[in-house]
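*Asks:* I am sharing model31.json, which consists of JSON, C-alpha atoms:
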[["chain", "number", "residue", "atom", "x", "y", "z"],
["A", 1, "MET", "CA", -0.97, 4.26, 21.86],
["A", 2, "THR", "CA", -3.48, 2.37, 23.97],
["A", 3, "GLU", "CA", -4.10, 2.67, 27.65],
["A", 4, "ASN", "CA", -3.84, -1.10, 28.13],
["A", 5, "ASN", "CA", -0.13, -1.06, 27.23],
["A", 6, "ALA", "CA", -0.65, -2.97, 23.98],
["A", 7, "LYS", "CA", 2.14, -2.57, 21.45],
["A", 8, "SER", "CA", 1.45, -0.24, 18.55],
["A", 9, "MET", "CA", 2.74, 0.45, 15.06],
["A", 10, "SER", "CA", 2.37, 3.20, 12.48],
["A", 11, "ILE", "CA", 3.10, 2.95, 8.78],
["A", 12, "ILE", "CA", 3.49, 5.81, 6.30],
["A", 13, "VAL", "CA", 2.39, 4.55, 2.88],
["A", 14, "THR", "CA", 3.86, 6.61, 0.03],
["A", 15, "LYS", "CA", 3.79, 4.38, -3.04],
["A", 16, "GLY", "CA", 0.80, 3.21, -5.06],
["A", 17, "THR", "CA", 2.07, 0.52, -7.41],
["A", 18, "LEU", "CA", 1.08, -3.14, -7.17],
["A", 19, "ASP", "CA", 4.45, -4.27, -5.83],
["A", 20, "TRP", "CA", 4.63, -1.48, -3.24],
["A", 21, "ALA", "CA", 1.02, -1.99, -2.09],
["A", 22, "TYR", "CA", 1.66, -5.39, -0.53],
["A", 23, "PRO", "CA", 4.25, -4.66, 2.21],
["A", 24, "PRO", "CA", 2.25, -2.07, 4.18],
["A", 25, "PHE", "CA", -1.00, -4.04, 4.08],
["A", 26, "ILE", "CA", 0.67, -7.35, 4.93],
["A", 27, "LEU", "CA", 2.57, -5.78, 7.83],
["A", 28, "ALA", "CA", -0.50, -3.90, 9.09],
["A", 29, "THR", "CA", -2.83, -6.90, 9.00],
["A", 30, "THR", "CA", -0.20, -9.18, 10.53],
["A", 31, "ALA", "CA", 0.51, -6.72, 13.34],
["A", 32, "ALA", "CA", -3.22, -6.24, 13.99],
["A", 33, "ALA", "CA", -3.69, -10.03, 14.12],
["A", 34, "MET", "CA", -0.89, -10.15, 16.70],
["A", 35, "GLY", "CA", -2.75, -7.65, 18.87],
["A", 36, "LEU", "CA", -0.93, -4.44, 17.95],
["A", 37, "GLU", "CA", -2.82, -1.22, 17.46],
["A", 38, "VAL", "CA", -1.99, -0.13, 13.91],
["A", 39, "THR", "CA", -2.22, 3.24, 12.18],
["A", 40, "MET", "CA", -1.63, 3.62, 8.43],
["A", 41, "PHE", "CA", -1.07, 7.10, 6.97],
["A", 42, "PHE", "CA", -1.51, 7.27, 3.18],
["A", 43, "THR", "CA", 0.15, 10.19, 1.45],
["A", 44, "PHE", "CA", 1.20, 11.18, -2.06],
["A", 45, "TYR", "CA", 1.05, 8.19, -4.44],
["A", 46, "GLY", "CA", 0.21, 5.80, -1.61],
["A", 47, "LEU", "CA", -3.13, 7.59, -1.33],
["A", 48, "THR", "CA", -4.29, 5.90, -4.55],
["A", 49, "LEU", "CA", -4.43, 2.61, -2.60],
["A", 50, "LEU", "CA", -7.50, 3.97, -0.84],
["A", 51, "LYS", "CA", -9.49, 4.62, -4.01],
["A", 52, "LYS", "CA", -12.68, 2.57, -4.31],
["A", 53, "LYS", "CA", -11.62, 1.17, -7.67],
["A", 54, "LEU", "CA", -8.03, 0.04, -7.92],
["A", 55, "ASP", "CA", -6.12, -0.34, -11.17],
["A", 56, "LEU", "CA", -2.69, -1.14, -9.80],
["A", 57, "LYS", "CA", 0.26, -1.65, -12.09],
["A", 58, "ILE", "CA", 3.89, -2.59, -11.71],
["A", 59, "ASN", "CA", 6.59, -0.74, -13.63],
["A", 60, "PRO", "CA", 9.71, -2.78, -14.35],
["A", 61, "LEU", "CA", 11.70, 0.23, -15.56],
["A", 62, "GLY", "CA", 14.56, 0.98, -13.20],
["A", 63, "ASN", "CA", 13.65, -1.93, -10.93],
["A", 64, "ALA", "CA", 16.81, -4.02, -11.18],
["A", 65, "ALA", "CA", 15.74, -6.30, -8.32],
["A", 66, "MET", "CA", 12.57, -7.35, -10.11],
["A", 67, "GLU", "CA", 13.06, -10.93, -11.22],
["A", 68, "MET", "CA", 10.17, -13.08, -12.37],
["A", 69, "PRO", "CA", 10.17, -16.87, -12.39],
["A", 70, "VAL", "CA", 10.17, -17.86, -16.07],
["A", 71, "ALA", "CA", 10.88, -21.32, -17.51],
["A", 72, "GLY", "CA", 12.34, -22.65, -14.26],
["A", 73, "MET", "CA", 14.68, -19.72, -13.65],
["A", 74, "HIS", "CA", 14.51, -16.12, -12.49],
["A", 75, "MET", "CA", 14.81, -13.48, -15.18],
["A", 76, "ALA", "CA", 15.23, -9.74, -14.75],
["A", 77, "MET", "CA", 13.87, -7.47, -17.44],
["A", 78, "PRO", "CA", 16.58, -5.30, -19.01],
["A", 79, "ASN", "CA", 15.80, -1.57, -18.90],
["A", 80, "LEU", "CA", 15.85, -1.43, -22.69],
["A", 81, "ILE", "CA", 12.96, -3.91, -22.83],
["A", 82, "ALA", "CA", 11.23, -2.39, -19.78],
["A", 83, "ALA", "CA", 11.08, 0.97, -21.62],
["A", 84, "MET", "CA", 9.22, -0.52, -24.57],
["A", 85, "PRO", "CA", 5.48, 0.02, -25.01],
["A", 86, "GLY", "CA", 3.52, -2.75, -23.32],
["A", 87, "ALA", "CA", 6.23, -3.72, -20.80],
["A", 88, "THR", "CA", 4.25, -2.33, -17.85],
["A", 89, "ALA", "CA", 1.11, -4.19, -18.93],
["A", 90, "LEU", "CA", 3.10, -7.41, -19.43],
["A", 91, "SER", "CA", 4.81, -7.11, -16.02],
["A", 92, "THR", "CA", 1.51, -6.29, -14.31],
["A", 93, "THR", "CA", -0.24, -9.26, -15.89],
["A", 94, "MET", "CA", 2.61, -11.61, -14.98],
["A", 95, "MET", "CA", 2.64, -10.40, -11.37],
["A", 96, "LYS", "CA", -1.13, -10.63, -10.97],
["A", 97, "GLU", "CA", -1.15, -14.16, -12.41],
["A", 98, "MET", "CA", 1.69, -15.21, -10.12],
["A", 99, "LEU", "CA", -0.06, -13.77, -7.05],
["A", 100, "LYS", "CA", -3.30, -15.53, -7.96],
["A", 101, "LYS", "CA", -1.52, -18.83, -8.70],
["A", 102, "LYS", "CA", 0.24, -18.71, -5.32],
["A", 103, "GLY", "CA", -3.00, -17.87, -3.48],
["A", 104, "VAL", "CA", -1.86, -14.44, -2.27],
["A", 105, "ALA", "CA", -4.70, -12.20, -1.16],
["A", 106, "SER", "CA", -5.48, -9.25, -3.40],
["A", 107, "ILE", "CA", -4.86, -5.71, -2.24],
["A", 108, "GLU", "CA", -8.63, -5.23, -2.05],
["A", 109, "GLU", "CA", -8.86, -8.26, 0.26],
["A", 110, "LEU", "CA", -5.94, -7.10, 2.42],
["A", 111, "ARG", "CA", -7.43, -3.63, 2.61],
["A", 112, "GLU", "CA", -10.75, -5.07, 3.79],
["A", 113, "MET", "CA", -8.92, -7.26, 6.32],
["A", 114, "ALA", "CA", -7.18, -4.15, 7.68],
["A", 115, "ILE", "CA", -10.52, -2.38, 8.13],
["A", 116, "GLU", "CA", -12.06, -5.44, 9.79],
["A", 117, "ALA", "CA", -9.04, -5.63, 12.14],
["A", 118, "ASP", "CA", -9.65, -2.00, 13.23],
["A", 119, "VAL", "CA", -6.49, -0.67, 11.61],
["A", 120, "LYS", "CA", -6.75, 3.11, 11.74],
["A", 121, "ILE", "CA", -6.54, 4.35, 8.15],
["A", 122, "ILE", "CA", -5.71, 8.02, 7.62],
["A", 123, "ALA", "CA", -5.80, 9.69, 4.21],
["A", 124, "CYS", "CA", -3.56, 12.75, 3.96],
["A", 125, "GLN", "CA", -5.81, 15.78, 3.57],
["A", 126, "MET", "CA", -3.07, 17.83, 1.87],
["A", 127, "THR", "CA", -2.54, 15.08, -0.72],
["A", 128, "MET", "CA", -6.31, 14.78, -1.23],
["A", 129, "ASP", "CA", -6.39, 18.51, -1.99],
["A", 130, "LEU", "CA", -3.21, 18.45, -4.09],
["A", 131, "PHE", "CA", -4.43, 15.65, -6.37],
["A", 132, "GLU", "CA", -8.05, 16.88, -6.26],
["A", 133, "TYR", "CA", -9.56, 13.73, -4.76],
["A", 134, "ASN", "CA", -12.85, 13.76, -2.91],
["A", 135, "LYS", "CA", -13.58, 11.60, 0.10],
["A", 136, "SER", "CA", -16.33, 10.00, -2.03],
["A", 137, "ASP", "CA", -13.55, 8.67, -4.33],
["A", 138, "MET", "CA", -12.15, 6.67, -1.43],
["A", 139, "ILE", "CA", -13.16, 3.56, 0.48],
["A", 140, "GLU", "CA", -15.34, 3.75, 3.57],
["A", 141, "GLY", "CA", -13.74, 3.58, 6.98],
["A", 142, "LEU", "CA", -10.93, 6.07, 6.62],
["A", 143, "GLU", "CA", -10.36, 9.38, 8.31],
["A", 144, "LEU", "CA", -8.76, 12.51, 6.93],
["A", 145, "GLY", "CA", -5.75, 14.03, 8.64],
["A", 146, "GLY", "CA", -2.49, 15.79, 8.06],
["A", 147, "ALA", "CA", 1.12, 15.33, 9.05],
["A", 148, "ALA", "CA", 0.32, 16.42, 12.61],
["A", 149, "THR", "CA", -2.23, 13.60, 12.86],
["A", 150, "TRP", "CA", 0.42, 11.04, 11.96],
["A", 151, "VAL", "CA", 3.09, 12.64, 14.17],
["A", 152, "ASP", "CA", 0.68, 12.52, 17.10],
["A", 153, "ALA", "CA", 0.12, 8.80, 16.52],
["A", 154, "ALA", "CA", 3.78, 8.06, 15.76],
["A", 155, "THR", "CA", 5.08, 9.65, 18.96],
["A", 156, "ARG", "CA", 3.07, 7.12, 20.92],
["A", 157, "CYS", "CA", 3.91, 4.06, 18.78],
["A", 158, "ASP", "CA", 6.48, 1.40, 19.53],
["A", 159, "ILE", "CA", 7.20, 0.81, 15.82],
["A", 160, "ASN", "CA", 7.16, 3.39, 12.99],
["A", 161, "LEU", "CA", 7.67, 2.32, 9.38],
["A", 162, "TYR", "CA", 8.07, 4.33, 6.18],
["A", 163, "ILE", "CA", 7.14, 2.35, 3.09]]
In structure tokens, write the structure found in this file.
*Replies:*
Amino acid sequence: MTENNAKSMSIIVTKGTLDWAYPPFILATTAAAMGLEVTMFFTFYGLTLLKKKLDLKINPLGNAAMEMPVAGMHMAMPNLIAAMPGATALSTTMMKEMLKKKGVASIEELREMAIEADVKIIACQMTMDLFEYNKSDMIEGLELGGAATWVDAATRCDINLYI
């Protein structure tokens, strides 16, 4: 994407839960730190990751791969328990505590790192309209664009990811 032949990467971000928020921001900030020009396109539920105030949750229902370290072992939550009231809040609290305990940066911190690293952040205009968001609901430093904006960037990128 750049004239100096630097490598480049684009990421489509489509999911807005706590567990799905980490991969795109970690990959984007890592790539930017390695000198790649990075574009992130936030659409549908991924768009919520650009809201000024985040209230991210993790839903264990239907997530068979979700195992949490408990009492020295890894335990998956059965769907029957995951469907019970309070399971999402419990899973979210456990994940947030584990992330904090392990010193993992928050999504807010990773998001700020991406902006500081000049990652190009595009909010999908169609999704903004569909879900009735205003640009004032979102963080500073993003631009609005549509699918054509991402396609234009993606056709010039070395790496394109869909997360």
*Asks:* From the options A:Leu54, A:Met40, A:Ala6, A:Met75, which residue's atoms come nearest to Thr149 (chain A), counting only C-alpha atoms?
*Replies:*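 Of A:Leu54, A:Met40, A:Ala6, A:Met75, the one nearest Thr149 (chain A) is A:Met40, counting only C-alpha atoms.
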*Asks:* Find the residues around Thr92 (chain A) up to 12 Å (only C-alpha atoms counted), leave out those fewer than 2 positions away in its own chain, and share them as a PyMOL selection string.
*Replies:* chain A and resi 17-19+55-60+66+68+82+86-90+94-99
*Asks:* Select from region 24-113 of chain A every residue with an atom at most 10 Å from any atom of region 127-138 of chain A, then for each give the shortest pair of atoms and their distance in Å to one decimal, using all atoms listed in the file, rows by chain and rising number, as a tab-separated table.
*Replies:*
residue	atom	partner	partner_atom	distance
A:Phe42	CA	A:Thr127	CA	8.8
A:Thr43	CA	A:Thr127	CA	6.0
A:Phe44	CA	A:Thr127	CA	5.6
A:Tyr45	CA	A:Thr127	CA	8.6
A:Gly46	CA	A:Thr127	CA	9.7
A:Leu47	CA	A:Thr127	CA	7.5
A:Thr48	CA	A:Met138	CA	8.5
A:Leu49	CA	A:Met138	CA	8.8
A:Leu50	CA	A:Met138	CA	5.4
A:Lys51	CA	A:Met138	CA	4.2
A:Lys52	CA	A:Met138	CA	5.0
A:Lys53	CA	A:Met138	CA	8.3
*Asks:* CA of Glu143 (chain A) to CA of Lys7 (chain A): how many Å, to one decimal?
*Replies:* 21.7 Å
*Asks:* Name the residues in contact with Thr155 (chain A) at a cut-off of 12 Å, using all atoms listed in the file, excluding same-chain residues fewer than 6 positions from it; report them as a VMD selection string.
*Replies:* chain A and resid 1 8 to 10 39 148 to 149
*Asks:* Report, as lines of an AutoDock Vina configuration file, the axis-aligned box around all atoms of region 35-54 of chain A present in the file, extended by 3 Å on each side; give centre and edge lengths in Å to one decimal place.
*Replies:*
center_x = -5.7
center_y = 1.8
center_z = 5.5
size_x = 19.9
size_y = 24.8
size_z = 32.8
*Asks:* Please, can region 117-150 of chain A be completed to N, CA and C atoms and returned as a PDB file, keeping the file's coordinate frame?
*Replies:*
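Okay, out.pdb is ready:
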ATOM      1  N   ALA A 117      -9.930  -5.474  10.971  1.00  0.00           N
ATOM      2  CA  ALA A 117      -9.040  -5.630  12.140  1.00  0.00           C
ATOM      3  C   ALA A 117      -8.880  -4.318  12.905  1.00  0.00           C
ATOM      4  N   ASP A 118      -9.678  -3.313  12.568  1.00  0.00           N
ATOM      5  CA  ASP A 118      -9.650  -2.000  13.230  1.00  0.00           C
ATOM      6  C   ASP A 118      -8.329  -1.260  13.064  1.00  0.00           C
ATOM      7  N   VAL A 119      -7.661  -1.485  11.931  1.00  0.00           N
ATOM      8  CA  VAL A 119      -6.490  -0.670  11.610  1.00  0.00           C
ATOM      9  C   VAL A 119      -6.993   0.738  11.336  1.00  0.00           C
ATOM     10  N   LYS A 120      -6.365   1.709  11.953  1.00  0.00           N
ATOM     11  CA  LYS A 120      -6.750   3.110  11.740  1.00  0.00           C
ATOM     12  C   LYS A 120      -6.132   3.558  10.414  1.00  0.00           C
ATOM     13  N   ILE A 121      -6.982   3.949   9.477  1.00  0.00           N
ATOM     14  CA  ILE A 121      -6.540   4.350   8.150  1.00  0.00           C
ATOM     15  C   ILE A 121      -6.763   5.848   7.983  1.00  0.00           C
ATOM     16  N   ILE A 122      -5.657   6.564   7.764  1.00  0.00           N
ATOM     17  CA  ILE A 122      -5.710   8.020   7.620  1.00  0.00           C
ATOM     18  C   ILE A 122      -5.286   8.397   6.204  1.00  0.00           C
ATOM     19  N   ALA A 123      -6.136   9.139   5.522  1.00  0.00           N
ATOM     20  CA  ALA A 123      -5.800   9.690   4.210  1.00  0.00           C
ATOM     21  C   ALA A 123      -5.297  11.107   4.412  1.00  0.00           C
ATOM     22  N   CYS A 124      -4.166  11.419   3.814  1.00  0.00           N
ATOM     23  CA  CYS A 124      -3.560  12.750   3.960  1.00  0.00           C
ATOM     24  C   CYS A 124      -4.433  13.811   3.289  1.00  0.00           C
ATOM     25  N   GLN A 125      -4.933  14.726   4.093  1.00  0.00           N
ATOM     26  CA  GLN A 125      -5.810  15.780   3.570  1.00  0.00           C
ATOM     27  C   GLN A 125      -5.089  16.652   2.544  1.00  0.00           C
ATOM     28  N   MET A 126      -3.808  16.992   2.814  1.00  0.00           N
ATOM     29  CA  MET A 126      -3.070  17.830   1.870  1.00  0.00           C
ATOM     30  C   MET A 126      -2.945  17.131   0.512  1.00  0.00           C
ATOM     31  N   THR A 127      -2.667  15.828   0.530  1.00  0.00           N
ATOM     32  CA  THR A 127      -2.540  15.080  -0.720  1.00  0.00           C
ATOM     33  C   THR A 127      -3.898  14.978  -1.422  1.00  0.00           C
ATOM     34  N   MET A 128      -4.965  14.798  -0.641  1.00  0.00           N
ATOM     35  CA  MET A 128      -6.310  14.780  -1.230  1.00  0.00           C
ATOM     36  C   MET A 128      -6.548  16.089  -1.989  1.00  0.00           C
ATOM     37  N   ASP A 129      -6.199  17.196  -1.352  1.00  0.00           N
ATOM     38  CA  ASP A 129      -6.390  18.510  -1.990  1.00  0.00           C
ATOM     39  C   ASP A 129      -5.463  18.679  -3.186  1.00  0.00           C
ATOM     40  N   LEU A 130      -4.200  18.293  -3.028  1.00  0.00           N
ATOM     41  CA  LEU A 130      -3.210  18.450  -4.090  1.00  0.00           C
ATOM     42  C   LEU A 130      -3.613  17.719  -5.361  1.00  0.00           C
ATOM     43  N   PHE A 131      -4.062  16.464  -5.203  1.00  0.00           N
ATOM     44  CA  PHE A 131      -4.430  15.650  -6.370  1.00  0.00           C
ATOM     45  C   PHE A 131      -5.920  15.732  -6.695  1.00  0.00           C
ATOM     46  N   GLU A 132      -6.631  16.619  -5.999  1.00  0.00           N
ATOM     47  CA  GLU A 132      -8.050  16.880  -6.260  1.00  0.00           C
ATOM     48  C   GLU A 132      -8.922  15.636  -6.146  1.00  0.00           C
ATOM     49  N   TYR A 133      -8.689  14.870  -5.076  1.00  0.00           N
ATOM     50  CA  TYR A 133      -9.560  13.730  -4.760  1.00  0.00           C
ATOM     51  C   TYR A 133     -10.637  14.203  -3.792  1.00  0.00           C
ATOM     52  N   ASN A 134     -11.776  13.543  -3.864  1.00  0.00           N
ATOM     53  CA  ASN A 134     -12.850  13.760  -2.910  1.00  0.00           C
ATOM     54  C   ASN A 134     -12.940  12.545  -2.008  1.00  0.00           C
ATOM     55  N   LYS A 135     -13.437  12.737  -0.815  1.00  0.00           N
ATOM     56  CA  LYS A 135     -13.580  11.600   0.100  1.00  0.00           C
ATOM     57  C   LYS A 135     -14.489  10.533  -0.529  1.00  0.00           C
ATOM     58  N   SER A 136     -15.424  10.951  -1.371  1.00  0.00           N
ATOM     59  CA  SER A 136     -16.330  10.000  -2.030  1.00  0.00           C
ATOM     60  C   SER A 136     -15.589   9.105  -3.032  1.00  0.00           C
ATOM     61  N   ASP A 137     -14.369   9.502  -3.443  1.00  0.00           N
ATOM     62  CA  ASP A 137     -13.550   8.670  -4.330  1.00  0.00           C
ATOM     63  C   ASP A 137     -12.925   7.499  -3.581  1.00  0.00           C
ATOM     64  N   MET A 138     -12.914   7.602  -2.264  1.00  0.00           N
ATOM     65  CA  MET A 138     -12.150   6.670  -1.430  1.00  0.00           C
ATOM     66  C   MET A 138     -13.058   5.647  -0.751  1.00  0.00           C
ATOM     67  N   ILE A 139     -12.433   4.605  -0.235  1.00  0.00           N
ATOM     68  CA  ILE A 139     -13.160   3.560   0.480  1.00  0.00           C
ATOM     69  C   ILE A 139     -13.775   4.109   1.766  1.00  0.00           C
ATOM     70  N   GLU A 140     -14.742   3.400   2.281  1.00  0.00           N
ATOM     71  CA  GLU A 140     -15.340   3.750   3.570  1.00  0.00           C
ATOM     72  C   GLU A 140     -14.377   3.344   4.679  1.00  0.00           C
ATOM     73  N   GLY A 141     -14.501   3.996   5.813  1.00  0.00           N
ATOM     74  CA  GLY A 141     -13.740   3.580   6.980  1.00  0.00           C
ATOM     75  C   GLY A 141     -12.431   4.304   7.189  1.00  0.00           C
ATOM     76  N   LEU A 142     -12.170   5.328   6.413  1.00  0.00           N
ATOM     77  CA  LEU A 142     -10.930   6.070   6.620  1.00  0.00           C
ATOM     78  C   LEU A 142     -11.237   7.401   7.271  1.00  0.00           C
ATOM     79  N   GLU A 143     -10.205   8.016   7.799  1.00  0.00           N
ATOM     80  CA  GLU A 143     -10.360   9.380   8.310  1.00  0.00           C
ATOM     81  C   GLU A 143      -9.370  10.269   7.577  1.00  0.00           C
ATOM     82  N   LEU A 144      -9.665  11.543   7.551  1.00  0.00           N
ATOM     83  CA  LEU A 144      -8.760  12.510   6.930  1.00  0.00           C
ATOM     84  C   LEU A 144      -7.906  13.145   8.015  1.00  0.00           C
ATOM     85  N   GLY A 145      -6.642  13.399   7.691  1.00  0.00           N
ATOM     86  CA  GLY A 145      -5.750  14.030   8.640  1.00  0.00           C
ATOM     87  C   GLY A 145      -4.509  14.520   7.927  1.00  0.00           C
ATOM     88  N   GLY A 146      -3.715  15.260   8.629  1.00  0.00           N
ATOM     89  CA  GLY A 146      -2.490  15.790   8.060  1.00  0.00           C
ATOM     90  C   GLY A 146      -1.271  15.211   8.748  1.00  0.00           C
ATOM     91  N   ALA A 147      -0.127  15.796   8.460  1.00  0.00           N
ATOM     92  CA  ALA A 147       1.120  15.330   9.050  1.00  0.00           C
ATOM     93  C   ALA A 147       1.054  15.340  10.569  1.00  0.00           C
ATOM     94  N   ALA A 148       0.419  16.341  11.145  1.00  0.00           N
ATOM     95  CA  ALA A 148       0.320  16.420  12.610  1.00  0.00           C
ATOM     96  C   ALA A 148      -0.469  15.239  13.170  1.00  0.00           C
ATOM     97  N   THR A 149      -1.448  14.764  12.429  1.00  0.00           N
ATOM     98  CA  THR A 149      -2.230  13.600  12.860  1.00  0.00           C
ATOM     99  C   THR A 149      -1.335  12.373  12.957  1.00  0.00           C
ATOM    100  N   TRP A 150      -0.500  12.184  11.924  1.00  0.00           N
ATOM    101  CA  TRP A 150       0.420  11.040  11.960  1.00  0.00           C
ATOM    102  C   TRP A 150       1.473  11.223  13.043  1.00  0.00           C
TER     103      TRP A 150
END
